[in-house]
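Each remark here refers to the structure printed beneath this line.
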Amino acid sequence: MHRFFYILSLFFLTSCVFGPATEDSTEFAGLVLGQSNFEVADTNSGASGSNAAASSLFSPKAVHFDGTKLFVADSSNNRVLIWNSAPTSNKQNADVVIGQTDKLGNTANQGGATGQSTLSNPTAVFSNGTRLFIADTGNNRILIFDTIPTSDNANADRVVGHATFTENEANRLDGDTAGVRADTLNGPTGVYYNGDKLFISDTQNYRVLIFNSLPGTNSGSADVVVGQVDKVTASTSRPLAANSLKKPSGIFAESPADAGVPRLIVSDTGNNRVLIFNSIPDSDNTSANTVIGQTGLTAGGSGTSSSKLSAPEGISHDEGTEQFLIADRGNNRVLIYDSLPGSSGASASRVLGQADFDSSGVNRNEEVDGNTLNQPYGVYTNGSIIWVADTQNARVLRFSAK
């Protein structure tokens, strides 16, 4: 009896000194693509030799759902995969591949020259349900498909960043042209079309380009630049400010049909922040109004908390529910906001991939599972379902958005 009271007293004292255990609030995914289960993180799982497969992934960096079809930028396999309907089982085969002649191929530009149907390290994909847009990063271009491909190895209809489909030089530096212009790109990693304007994160030029209408021919020129003073400058040393960018990536613009005054949102990766413009910029060098990840528009340090970021990449905003997501790559997590913040320094409401807002370990410093992440690059939400490109775990995860 005395021993019982001793143990009880010891437990009471321990609780008083150390407090209750921190609650683990991490949510588990309900489905995985690229792996047979949540406890595997193999590159090109199930593929033969150095090939890819219809169900395998290798460093996927973007995911998008248009309400019917699911799209994944399978970056290191140099392809984009399409599922004709939302996948319902783990490791489900994709239906269509873009960038390769078949679902086994995975070499950059199909092992040859850049062409109308090839890809090199695609890192962003977007569809409005009619057209398809791909940031073909390694070829320094954006490909536009006027209809969503239904068979493998489809040709793009137009290219932005080059005059022809066979060019691939950064800023078109091929001996005939000379540097940064309104019609050149350097390593783009973000693309978005809001039904009115086309937006491109021209990452290595430290800028975002805005086209006031969808280019009708190859080599269209942007109308507005964000992050630089003009369209022929690509400074990498501008002072950290509301009008500067450092390697921007994820990008989102509200639809003019859904928002009275549509906002522009840019993931300013190198400055560890996400910028919000209260209206779509209509002149060069426009300043952002609000910042996420920092307390003000002149701060850029990384951190781990409910209000800090480390190398944020993909972003997604559901205009119906107002839910907003950030792939906080450097912290190995996804941050969820119940609504798009209206003031700087706002805190997230939920976190995926970590037990709490103060943790940042790769796979939670544990074995890979359905509640861990390893450098996620891409996110998507429609207010009901969340998709995450869990890049270094070679998989895409589906979560409930509620």
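We name chains A, B, ... following the order of the structure tokens; residues begin at 1 in each chain, and ligands are numbered from 1 as shown.
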Q: Apply DSSP to the backbone of this structure and, from region 146-239 of chain A, keep only the residues in strand (DSSP E); write these as number ranges by chain.
A: A: 158-160, 190-193, 198-202, 207-211, 224-226
Q.
At a cut-off of 7 Å, using only C-alpha atoms, what residues contact Lys246 (chain A)? Leave out same-chain residues fewer than 5 positions from it and give the result as a ChimeraX atom specification.
A. /A:206,268-271
Produce a file of the selected residues containing C-alpha atoms, as a compact mmCIF listing (two decimals), in the first residue's frame.
```txt
# COMPACT_ATOMS: atom_id res chain seq x y z
CA TYR A 206 13.60 37.40 -59.55
CA ASP A 268 8.62 34.79 -52.35
CA THR A 269 10.70 31.73 -51.57
CA GLY A 270 14.13 33.26 -51.11
CA ASN A 271 12.76 35.84 -48.69
```
Q: Rank A:Asn374, A:Asn218, A:Ser310, A:Asn278 by their smallest atom-to-atom distance to Leu397 (chain A), using only C-alpha atoms, and report the top residue only.
A: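 Using only C-alpha atoms, the shortest distance to Leu397 (chain A) belongs to A:Asn374.
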Q: With a distance cut-off of 10 Å and only C-alpha atoms, select the neighbouring residues of region 147-154 of chain A, excluding the residue or stretch itself and same-chain residues fewer than 3 positions from it, and output the selection as a list of chain:residue names.
A: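 Contacts, in chain order: A:Lys69, A:Arg79, A:Leu81, A:Ile82, A:Trp83, A:Asn84, A:Asp95, A:Val96, A:Val97, A:Ile98, A:Gly99, A:Gln100, A:Thr101, A:Asp102, A:Lys103, A:Gln116, A:Ser117, A:Thr118, A:Ser127, A:Asn128, A:Gly129, A:Thr130, A:Arg131, A:Leu132, A:Phe133, A:Ile144, A:Asp157.
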Q: Select, from A:Ser316, A:Thr123, A:Ser359, A:Ser307, the residue with the minimum atom-to-atom distance to Ile142 (chain A), counting only C-alpha atoms.
A: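 Comparing A:Ser316, A:Thr123, A:Ser359, A:Ser307 against Ile142 (chain A), the winner is A:Thr123.
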Q. Which distance in Å separates CA of Phe357 (chain A) and CA of Gly293 (chain A), to one decimal?
A.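 Calculated distance between CA of Phe357 (chain A) and CA of Gly293 (chain A) is 12.8 Å.
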Within 8 Å of Gly296 (chain A), counting only C-alpha atoms, which residues show up once you throw out same-chain ones fewer than 2 positions away? Write them as a PDB file with C-alpha atoms, in the first residue's frame, please.
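Final output, saved to selection-v8.pdb:
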```pdb
ATOM      1  CA  VAL A 291       3.070  39.631 -45.952  1.00  0.00           C
ATOM      2  CA  GLN A 294       7.160  37.983 -41.523  1.00  0.00           C
ATOM      3  CA  THR A 298      11.187  44.571 -44.913  1.00  0.00           C
ATOM      4  CA  ALA A 299      11.910  41.356 -42.981  1.00  0.00           C
ATOM      5  CA  SER A 344       0.883  40.928 -41.902  1.00  0.00           C
ATOM      6  CA  GLY A 345       2.330  38.309 -39.571  1.00  0.00           C
TER       7      GLY A 345
END
```
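Of the residues under consideration (A:Ala86, A:Ala124, A:Val226, A:Ala253), A:Val226 shows the shortest atom-to-atom contact distance to Ser287 (chain A) when counting only C-alpha atoms.
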Q: Write out as a PyMOL selection string which residues come within 6 Å of Ile251 (chain A) when counting only C-alpha atoms, dropping same-chain ones fewer than 5 positions away.
A: chain A and resi 190+265-266
Q: Find the residues around region 234-238 of chain A up to 7 Å (only C-alpha atoms counted), leave out those fewer than 6 positions away in its own chain, and share them as a list in words.
A: Val180, Asn205, Tyr206, Gln228 and Ser244 of chain A
Q: Would you mind reading off the distance between CA of Ile386 (chain A) and CA of Phe65 (chain A), one decimal, in Å?
A: 9.6 Å
Q: Write out as a PyMOL selection string all residues of region 18-199 of chain A that backbone DSSP assigns to helix (DSSP H, G or I).
A: chain A and resi 18+75-77+108-111+137-139+170-172
Q: Write out as JSON, numbers by chain the residues lying within 12 Å of Ser221 (chain A), counting only C-alpha atoms and excluding same-chain residues fewer than 4 positions away.
A: {"A": [159, 160, 161, 162, 163, 180, 181, 182, 183, 184, 185, 198, 199, 200, 209, 210, 211, 212, 213, 214, 215, 216, 217, 225, 231, 232]}
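Considering only C-alpha atoms, the residue among A:Phe126, A:Phe399, A:Phe324, A:Trp387 positioned nearest to Gly370 (chain A) is A:Phe399.
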Q: Mind giving me the straight-line distance from CA of Gly314 (chain A) to CA of Asp230 (chain A) in Å, one decimal?
A: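 That distance, rounded to one decimal, is 25.5 Å.
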Q.
Could you check the closest approach to Gly250 (chain A) for each of A:Thr233, A:Lys308, A:Asn168, A:Val125 and tell me which residue wins, using only C-alpha atoms?
A.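 Distance minimum relative to Gly250 (chain A) lands on A:Val125.
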